[in-house]
Number of protein chains: 2
Amino acid sequence: MSLLVVGSVAFDTIETPHGKRERIAGGSCVHFSYSAAYLTPVKMIGVVGKDYPKEFIDLLNERGIDTSGIEHTDGETFFWSGKYEGDMNEAETLETRLNVFGDFRPKVEGEDKDAKFVFLANGHPLTQLSLLEQLNNPTLVIADTMDLWIREFRPDLEKLLNKIDALVLNDGEARLLTGERSMIRAARKLLAAHELKLIIIKKGEHGSLAVTPDFVIATPAYPTEAVIDPTGAGDSFAGGTLGYLSLCGELNQGTLRRAIRYGTVCASFQVEDFSLDRHKGLTRADIERRLIDFEHML
Amino acid sequence: MSLLVVGSVAFDTIETPHGKRERIAGGSCVHFSYSAAYLTPVKMIGVVGKDYPKEFIDLLNERGIDTSGIEHTDGETFFWSGKYEGDMNEAETLETRLNVFGDFRPKVEGEDKDAKFVFLANGHPLTQLSLLEQLNNPTLVIADTMDLWIREFRPDLEKLLNKIDALVLNDGEARLLTGERSMIRAARKLLAAHELKLIIIKKGEHGSLAVTPDFVIATPAYPTEAVIDPTGAGDSFAGGTLGYLSLCGELNQGTLRRAIRYGTVCASFQVEDFSLDRHKGLTRADIERRLIDFEHML
């Protein structure tokens, strides 16, 4: 059974202190899937326009990712343009054109309805909800979100939070959502308010904090020598994490601890180049080698 | 043999979003020693003026700290005043009066000259050097520093760096000193430039990174529920760390990993109240309990 993921498939135009790239392969669903696929079969659900090139789909298929759930429509593909400066902790969004992703309502068909591990990558909470409602009996549904939905679509987001098992978000979003400065407090508040099983707070170059009602896992980031482009790091992290949980088939302190380490390693590669360029040349063996290296540091 | 520490003994006047306290016990040497003393005998070298109250000395003595190396002079004690706002990551210094600490040249006497583990807490590099030059054959000398010395007394600081074994500094200082954005690169640059054995980069609420020529240790922070006053956290961290190394008598990957966890736990208590107020009521057992709790999170 594949790990099912819904989210954006996009063109990104990105400028960082290390260069500028136009209309490269991006999107939360793409970055998540490309990392998760090191560990488990992945099925993507998304939408692209007629401008989306076959090479990008080929790239995903070569990784073994099932892209048959990507709808091809007549419109234009989601486009995002951003710029990073200084410490590159946050992108300045220059342009967002949702295009065909704007009112996308994913369709889940056949055996995908029985998916056990599901990632609702960053997207409108109603898009995320509409996928969720088509599932039969998932084991673990994890959603990501972003400041836009927290600020402007809060009721929809709250509805979503009441129906999922776990939420992954970054520290700024956790603060925005709960009003708490302490990340452990923010996580506990969210767990209680929505009867969630797990909150993972991503702190970028500072690692992550996973909080459940029963335990806490604090993990530093892998100390990266050079960050070329941080885009997709959070999705890559989630991909490695949920990829490993899906592989194991269950969430407990042991599986989650190791899952987060896989996620951390995937994200550490993600930031070393633009788009999928760093991951493209890697195999599972490279992931394992860096995981061992990382575990020696812990 | 005691762990020898030289540094400031001060009055602090501090304002945080949680309140304001005037002329409370502060100083790098005090915060370091108070945490190190959970783990090992500590001897302080410092200077105070005639305004320094006996109660503050009593507090240190009650912890078993040897304060006989604190010179009592006719002047006024070092005074620092600062304010924290927002995320409290950095203090705004409102006033610094070095007073008797300004041209302090520590005197090391008797068996203290044979000290094996030595901490040169934040102070003028020439103060730090003058202590170092009086030692016979120390095993491990670790220094702290700050932006002021990096910016304005760089030649003195470089001289110091060439004579010590290890440096502990925060991420902003590491960036300032090396021009590197990547903390692992900054650490490696410092190791190479000054033939050091160890660099520990403190990242406040984001944990720490320890780098030696042979290995790296990445440690997250203890996830604190409420930060009341971050003053002294870095010194408390260094105190727990070096306190444990001094207890073990050697620096290797195993001792350092555990040492940093002790440091992390000491710092996590430090920020929970002003001055020494949180530590005052704690025993070694409290430190051990939180260490176990912390290790479960890792």
# chains A, B, ... in the order shown; residues from 1 in each chain; ligands from 1
call {"tool": "residues_around", "arguments": {"residues": "segment 60-67 of chain B", "least_positions_apart": "3", "cutoff": "6 Å", "atoms": "only C-alpha atoms", "output": "list in words"}}
result
Val42, Lys43, Met44, Ile57 and Ile70 of chain B
call {"tool": "write_last_selection", "arguments": {"atoms": "N, CA and C atoms", "output": "CSV table (one decimal), in the first residue's frame"}}
result
chain,number,residue,atom,x,y,z
B,42,VAL,N,34.6,23.8,42.7
B,42,VAL,CA,34.9,24.9,41.9
B,42,VAL,C,35.6,26.0,42.7
B,43,LYS,N,36.6,26.6,42.1
B,43,LYS,CA,37.3,27.7,42.7
B,43,LYS,C,37.2,28.9,41.8
B,44,MET,N,36.6,30.0,42.4
B,44,MET,CA,36.4,31.2,41.6
B,44,MET,C,37.5,32.2,41.8
B,57,ILE,N,28.0,36.3,48.5
B,57,ILE,CA,29.1,35.4,48.7
B,57,ILE,C,28.7,34.2,49.5
B,70,ILE,N,38.3,35.5,45.3
B,70,ILE,CA,37.6,36.7,44.9
B,70,ILE,C,38.2,37.9,45.7
call {"tool": "closest_atom_pairs", "arguments": {"of": "chain A", "to": "chain B", "cutoff": "8 Å", "atoms": "only C-alpha atoms", "output": "JSON lines"}}
result
{"residue": "A:Asp87", "atom": "CA", "partner": "B:Arg181", "partner_atom": "CA", "distance": 7.4}
{"residue": "A:Arg181", "atom": "CA", "partner": "B:Asp87", "partner_atom": "CA", "distance": 7.4}
{"residue": "A:Ser182", "atom": "CA", "partner": "B:Glu225", "partner_atom": "CA", "distance": 5.6}
{"residue": "A:Met183", "atom": "CA", "partner": "B:Pro223", "partner_atom": "CA", "distance": 7.3}
{"residue": "A:Ile184", "atom": "CA", "partner": "B:Pro223", "partner_atom": "CA", "distance": 6.0}
{"residue": "A:Arg185", "atom": "CA", "partner": "B:Glu225", "partner_atom": "CA", "distance": 5.9}
{"residue": "A:His206", "atom": "CA", "partner": "B:His206", "partner_atom": "CA", "distance": 5.6}
{"residue": "A:Gly207", "atom": "CA", "partner": "B:Pro220", "partner_atom": "CA", "distance": 7.5}
{"residue": "A:Phe215", "atom": "CA", "partner": "B:Met297", "partner_atom": "CA", "distance": 7.3}
{"residue": "A:Val216", "atom": "CA", "partner": "B:Met297", "partner_atom": "CA", "distance": 5.2}
{"residue": "A:Ile217", "atom": "CA", "partner": "B:Met297", "partner_atom": "CA", "distance": 4.1}
{"residue": "A:Ala218", "atom": "CA", "partner": "B:Met297", "partner_atom": "CA", "distance": 5.4}
{"residue": "A:Thr219", "atom": "CA", "partner": "B:Pro220", "partner_atom": "CA", "distance": 5.9}
{"residue": "A:Pro220", "atom": "CA", "partner": "B:Pro220", "partner_atom": "CA", "distance": 4.9}
{"residue": "A:Ala221", "atom": "CA", "partner": "B:Ala218", "partner_atom": "CA", "distance": 7.8}
{"residue": "A:Tyr222", "atom": "CA", "partner": "B:Ala218", "partner_atom": "CA", "distance": 7.8}
{"residue": "A:Pro223", "atom": "CA", "partner": "B:Ile184", "partner_atom": "CA", "distance": 6.0}
{"residue": "A:Thr224", "atom": "CA", "partner": "B:Ser182", "partner_atom": "CA", "distance": 6.8}
{"residue": "A:Glu225", "atom": "CA", "partner": "B:Ser182", "partner_atom": "CA", "distance": 5.6}
{"residue": "A:Ala226", "atom": "CA", "partner": "B:Ser182", "partner_atom": "CA", "distance": 6.5}
{"residue": "A:Arg257", "atom": "CA", "partner": "B:Leu298", "partner_atom": "CA", "distance": 7.9}
{"residue": "A:His296", "atom": "CA", "partner": "B:Ile217", "partner_atom": "CA", "distance": 7.6}
{"residue": "A:Met297", "atom": "CA", "partner": "B:Ile217", "partner_atom": "CA", "distance": 4.2}
{"residue": "A:Leu298", "atom": "CA", "partner": "B:Ala218", "partner_atom": "CA", "distance": 5.6}
call {"tool": "select_by_dssp", "arguments": {"residues": "segment 151-250 of chain B", "states": "helix (DSSP H, G or I)", "output": "PyMOL selection string"}}
result
chain B and resi 151-152+154-161+171-178+183-194+204-206+233-248
call {"tool": "write_last_selection", "arguments": {"atoms": "N, CA and C atoms", "output": "short mmCIF file (atom, residue, chain, number, x, y, z; two decimals), in the first residue's frame"}}
result
data_model
loop_
_atom_site.label_atom_id
_atom_site.label_comp_id
_atom_site.auth_asym_id
_atom_site.auth_seq_id
_atom_site.Cartn_x
_atom_site.Cartn_y
_atom_site.Cartn_z
N ARG B 151 35.18 42.62 18.14
CA ARG B 151 35.20 43.84 17.34
C ARG B 151 36.37 44.76 17.68
N GLU B 152 36.61 44.93 18.96
CA GLU B 152 37.52 46.02 19.35
C GLU B 152 38.87 45.58 19.91
N ARG B 154 40.56 42.55 18.79
CA ARG B 154 40.79 41.33 18.04
C ARG B 154 42.23 40.80 18.17
N PRO B 155 43.26 41.66 18.09
CA PRO B 155 44.62 41.12 18.23
C PRO B 155 44.83 40.43 19.59
N ASP B 156 44.29 41.01 20.65
CA ASP B 156 44.42 40.38 21.97
C ASP B 156 43.68 39.04 21.98
N LEU B 157 42.50 39.04 21.36
CA LEU B 157 41.70 37.82 21.33
C LEU B 157 42.42 36.72 20.54
N GLU B 158 43.03 37.10 19.43
CA GLU B 158 43.75 36.11 18.60
C GLU B 158 44.91 35.51 19.39
N LYS B 159 45.57 36.37 20.15
CA LYS B 159 46.68 35.90 20.99
C LYS B 159 46.17 34.85 21.99
N LEU B 160 45.02 35.16 22.57
CA LEU B 160 44.40 34.22 23.51
C LEU B 160 44.05 32.90 22.80
N LEU B 161 43.43 33.01 21.64
CA LEU B 161 42.98 31.81 20.92
C LEU B 161 44.14 30.87 20.60
N ASP B 171 26.27 31.71 18.34
CA ASP B 171 26.26 31.67 16.87
C ASP B 171 26.56 33.03 16.24
N GLY B 172 26.04 34.08 16.84
CA GLY B 172 26.31 35.42 16.31
C GLY B 172 27.79 35.76 16.41
N GLU B 173 28.40 35.39 17.53
CA GLU B 173 29.83 35.66 17.73
C GLU B 173 30.68 34.83 16.76
N ALA B 174 30.27 33.60 16.52
CA ALA B 174 31.01 32.73 15.59
C ALA B 174 30.98 33.32 14.19
N ARG B 175 29.82 33.89 13.82
CA ARG B 175 29.67 34.52 12.51
C ARG B 175 30.57 35.75 12.42
N LEU B 176 30.55 36.54 13.48
CA LEU B 176 31.34 37.77 13.53
C LEU B 176 32.84 37.46 13.46
N LEU B 177 33.24 36.42 14.15
CA LEU B 177 34.66 36.08 14.25
C LEU B 177 35.20 35.47 12.96
N THR B 178 34.36 34.74 12.23
CA THR B 178 34.86 33.99 11.06
C THR B 178 34.30 34.47 9.73
N MET B 183 27.54 27.27 10.66
CA MET B 183 28.19 27.10 11.96
C MET B 183 29.25 25.99 11.93
N ILE B 184 29.03 24.98 11.13
CA ILE B 184 30.04 23.91 11.07
C ILE B 184 31.30 24.43 10.37
N ARG B 185 31.10 25.26 9.36
CA ARG B 185 32.26 25.87 8.71
C ARG B 185 33.00 26.82 9.63
N ALA B 186 32.23 27.62 10.35
CA ALA B 186 32.84 28.57 11.29
C ALA B 186 33.69 27.82 12.30
N ALA B 187 33.13 26.74 12.83
CA ALA B 187 33.86 25.96 13.85
C ALA B 187 35.13 25.37 13.26
N ARG B 188 35.02 24.82 12.06
CA ARG B 188 36.21 24.18 11.46
C ARG B 188 37.29 25.20 11.15
N LYS B 189 36.86 26.39 10.76
CA LYS B 189 37.81 27.46 10.47
C LYS B 189 38.58 27.85 11.74
N LEU B 190 37.86 27.95 12.86
CA LEU B 190 38.50 28.31 14.12
C LEU B 190 39.43 27.21 14.62
N LEU B 191 38.98 25.96 14.49
CA LEU B 191 39.82 24.83 14.90
C LEU B 191 41.16 24.88 14.17
N ALA B 192 41.08 25.10 12.85
CA ALA B 192 42.28 25.07 12.02
C ALA B 192 43.18 26.28 12.28
N ALA B 193 42.56 27.46 12.36
CA ALA B 193 43.35 28.69 12.48
C ALA B 193 44.15 28.75 13.77
N HIS B 194 43.61 28.16 14.84
CA HIS B 194 44.27 28.31 16.13
C HIS B 194 44.64 26.97 16.76
N GLY B 204 21.50 29.21 21.89
CA GLY B 204 20.38 29.61 22.75
C GLY B 204 19.28 28.57 22.77
N GLU B 205 18.08 28.99 22.46
CA GLU B 205 16.93 28.07 22.52
C GLU B 205 17.00 26.98 21.45
N HIS B 206 18.05 27.04 20.59
CA HIS B 206 18.16 26.04 19.53
C HIS B 206 19.26 25.01 19.79
N ALA B 233 22.40 32.09 30.86
CA ALA B 233 22.15 30.75 30.31
C ALA B 233 23.41 30.17 29.67
N GLY B 234 24.13 31.01 28.93
CA GLY B 234 25.34 30.54 28.28
C GLY B 234 26.41 30.13 29.28
N ASP B 235 26.54 30.89 30.35
CA ASP B 235 27.53 30.55 31.38
C ASP B 235 27.11 29.32 32.17
N SER B 236 25.81 29.21 32.42
CA SER B 236 25.29 28.04 33.11
C SER B 236 25.52 26.79 32.25
N PHE B 237 25.30 26.92 30.95
CA PHE B 237 25.57 25.82 30.00
C PHE B 237 27.04 25.43 30.06
N ALA B 238 27.91 26.43 30.00
CA ALA B 238 29.35 26.15 30.05
C ALA B 238 29.72 25.52 31.39
N GLY B 239 29.06 25.98 32.46
CA GLY B 239 29.35 25.45 33.79
C GLY B 239 29.01 23.97 33.90
N GLY B 240 27.83 23.60 33.44
CA GLY B 240 27.44 22.19 33.48
C GLY B 240 28.36 21.35 32.60
N THR B 241 28.69 21.90 31.45
CA THR B 241 29.53 21.15 30.50
C THR B 241 30.93 20.93 31.06
N LEU B 242 31.57 22.02 31.45
CA LEU B 242 32.95 21.88 31.93
C LEU B 242 32.98 21.22 33.31
N GLY B 243 31.92 21.42 34.09
CA GLY B 243 31.83 20.75 35.39
C GLY B 243 31.90 19.23 35.21
N TYR B 244 31.16 18.73 34.22
CA TYR B 244 31.17 17.29 34.00
C TYR B 244 32.50 16.82 33.42
N LEU B 245 33.07 17.59 32.51
CA LEU B 245 34.38 17.21 31.94
C LEU B 245 35.44 17.17 33.04
N SER B 246 35.38 18.13 33.94
CA SER B 246 36.35 18.19 35.04
C SER B 246 36.17 16.98 35.96
N LEU B 247 34.91 16.62 36.19
CA LEU B 247 34.60 15.43 37.00
C LEU B 247 35.19 14.17 36.38
N CYS B 248 35.06 14.07 35.06
CA CYS B 248 35.56 12.88 34.35
C CYS B 248 37.07 12.92 34.17
#
call {"tool": "residues_around", "arguments": {"residues": "Gly19 of chain A", "least_positions_apart": "6", "cutoff": "10 Å", "atoms": "only C-alpha atoms", "output": "PyMOL selection string"}}
result
chain A and resi 228-229+274
call {"tool": "atom_distance", "arguments": {"atom1": "atom CA of Glu250 of chain B", "atom2": "atom CA of Thr139 of chain B"}}
result
8.1 Å
call {"tool": "select_by_dssp", "arguments": {"residues": "segment 90-183 of chain A", "states": "strand (DSSP E)", "output": "PDB file with C-alpha atoms, in the first residue's frame"}}
result
ATOM      1  CA  GLU A  92      10.049  36.728   0.362  1.00  0.00           C
ATOM      2  CA  THR A  93       7.202  35.737  -1.957  1.00  0.00           C
ATOM      3  CA  LEU A  94       7.391  37.798  -5.141  1.00  0.00           C
ATOM      4  CA  GLU A  95       4.478  36.217  -6.970  1.00  0.00           C
ATOM      5  CA  THR A  96       1.939  33.436  -6.476  1.00  0.00           C
ATOM      6  CA  ARG A  97      -0.362  32.331  -9.281  1.00  0.00           C
ATOM      7  CA  PHE A 117      -0.558   6.722   5.628  1.00  0.00           C
ATOM      8  CA  VAL A 118      -1.565  10.053   4.147  1.00  0.00           C
ATOM      9  CA  PHE A 119       0.147  13.422   3.862  1.00  0.00           C
ATOM     10  CA  LEU A 120      -1.923  16.516   3.181  1.00  0.00           C
ATOM     11  CA  LEU A 140      -2.240   8.222  10.173  1.00  0.00           C
ATOM     12  CA  VAL A 141      -3.145  11.470   8.430  1.00  0.00           C
ATOM     13  CA  ILE A 142      -0.586  14.250   8.754  1.00  0.00           C
ATOM     14  CA  ALA A 143      -1.208  17.746   7.391  1.00  0.00           C
ATOM     15  CA  ASP A 144       1.080  20.672   6.756  1.00  0.00           C
ATOM     16  CA  ALA A 166      -1.033  14.981  13.203  1.00  0.00           C
ATOM     17  CA  LEU A 167       0.173  18.402  12.127  1.00  0.00           C
ATOM     18  CA  VAL A 168       3.588  19.459  10.907  1.00  0.00           C
ATOM     19  CA  LEU A 169       4.317  23.174  10.860  1.00  0.00           C
ATOM     20  CA  ASN A 170       7.190  25.568  11.350  1.00  0.00           C
TER      21      ASN A 170
END
call {"tool": "residues_around", "arguments": {"residues": "Pro106 of chain A", "least_positions_apart": "4", "cutoff": "9 Å", "atoms": "only C-alpha atoms", "output": "CSV table (one decimal) with N, CA and C atoms, in the first residue's frame"}}
result
chain,number,residue,atom,x,y,z
A,6,VAL,N,-1.3,14.5,-1.2
A,6,VAL,CA,-1.9,15.5,-2.0
A,6,VAL,C,-1.3,16.8,-1.7
A,45,ILE,N,-1.2,12.8,-5.6
A,45,ILE,CA,-2.5,13.4,-6.1
A,45,ILE,C,-2.3,14.9,-6.3
A,46,GLY,N,-2.5,15.4,-7.5
A,46,GLY,CA,-2.3,16.8,-7.7
A,46,GLY,C,-2.8,17.2,-9.0
A,47,VAL,N,-2.5,18.4,-9.4
A,47,VAL,CA,-3.0,18.9,-10.7
A,47,VAL,C,-2.0,19.8,-11.4
A,69,GLY,N,-2.1,9.8,-10.3
A,69,GLY,CA,-3.1,10.7,-9.6
A,69,GLY,C,-2.9,12.1,-9.9
A,71,GLU,N,-3.7,15.1,-12.1
A,71,GLU,CA,-4.7,15.5,-13.2
A,71,GLU,C,-4.0,16.4,-14.2
A,127,THR,N,-9.1,22.0,0.3
A,127,THR,CA,-8.6,21.0,-0.6
A,127,THR,C,-8.1,19.7,0.2
A,128,GLN,N,-7.5,20.0,1.3
A,128,GLN,CA,-7.0,19.0,2.2
A,128,GLN,C,-8.2,18.1,2.7
A,130,SER,N,-11.1,17.8,1.4
A,130,SER,CA,-11.9,17.1,0.4
A,130,SER,C,-11.2,15.8,0.1
A,131,LEU,N,-9.9,15.7,0.2
A,131,LEU,CA,-9.2,14.4,0.0
A,131,LEU,C,-9.5,13.5,1.2
call {"tool": "closest_residue", "arguments": {"among": "A:Gly263, A:Glu133, A:Phe104, A:Thr231", "to": "Lys202 of chain A", "atoms": "only C-alpha atoms"}}
result
A:Gly263
call {"tool": "closest_residue", "arguments": {"among": "B:Ala267, B:Leu276, B:Leu3, B:Ala285", "to": "Ile24 of chain B", "atoms": "only C-alpha atoms"}}
result
B:Leu276
call {"tool": "atom_distance", "arguments": {"atom1": "atom CA of Gly7 of chain A", "atom2": "atom CA of Phe78 of chain A"}}
result
10.9 Å
call {"tool": "atom_distance", "arguments": {"atom1": "atom CA of Phe153 of chain A", "atom2": "atom CA of Asn137 of chain A"}}
result
26.4 Å
call {"tool": "residues_around", "arguments": {"residues": "Val100 of chain B", "least_positions_apart": "3", "cutoff": "8 Å", "atoms": "only C-alpha atoms", "output": "ChimeraX atom specification"}}
result
/B:47-49,73,75-78,103-104
call {"tool": "closest_residue", "arguments": {"among": "B:Glu195, B:Arg23, B:Tyr34, B:Ile150", "to": "Phe269 of chain B", "atoms": "only C-alpha atoms"}}
result
B:Tyr34
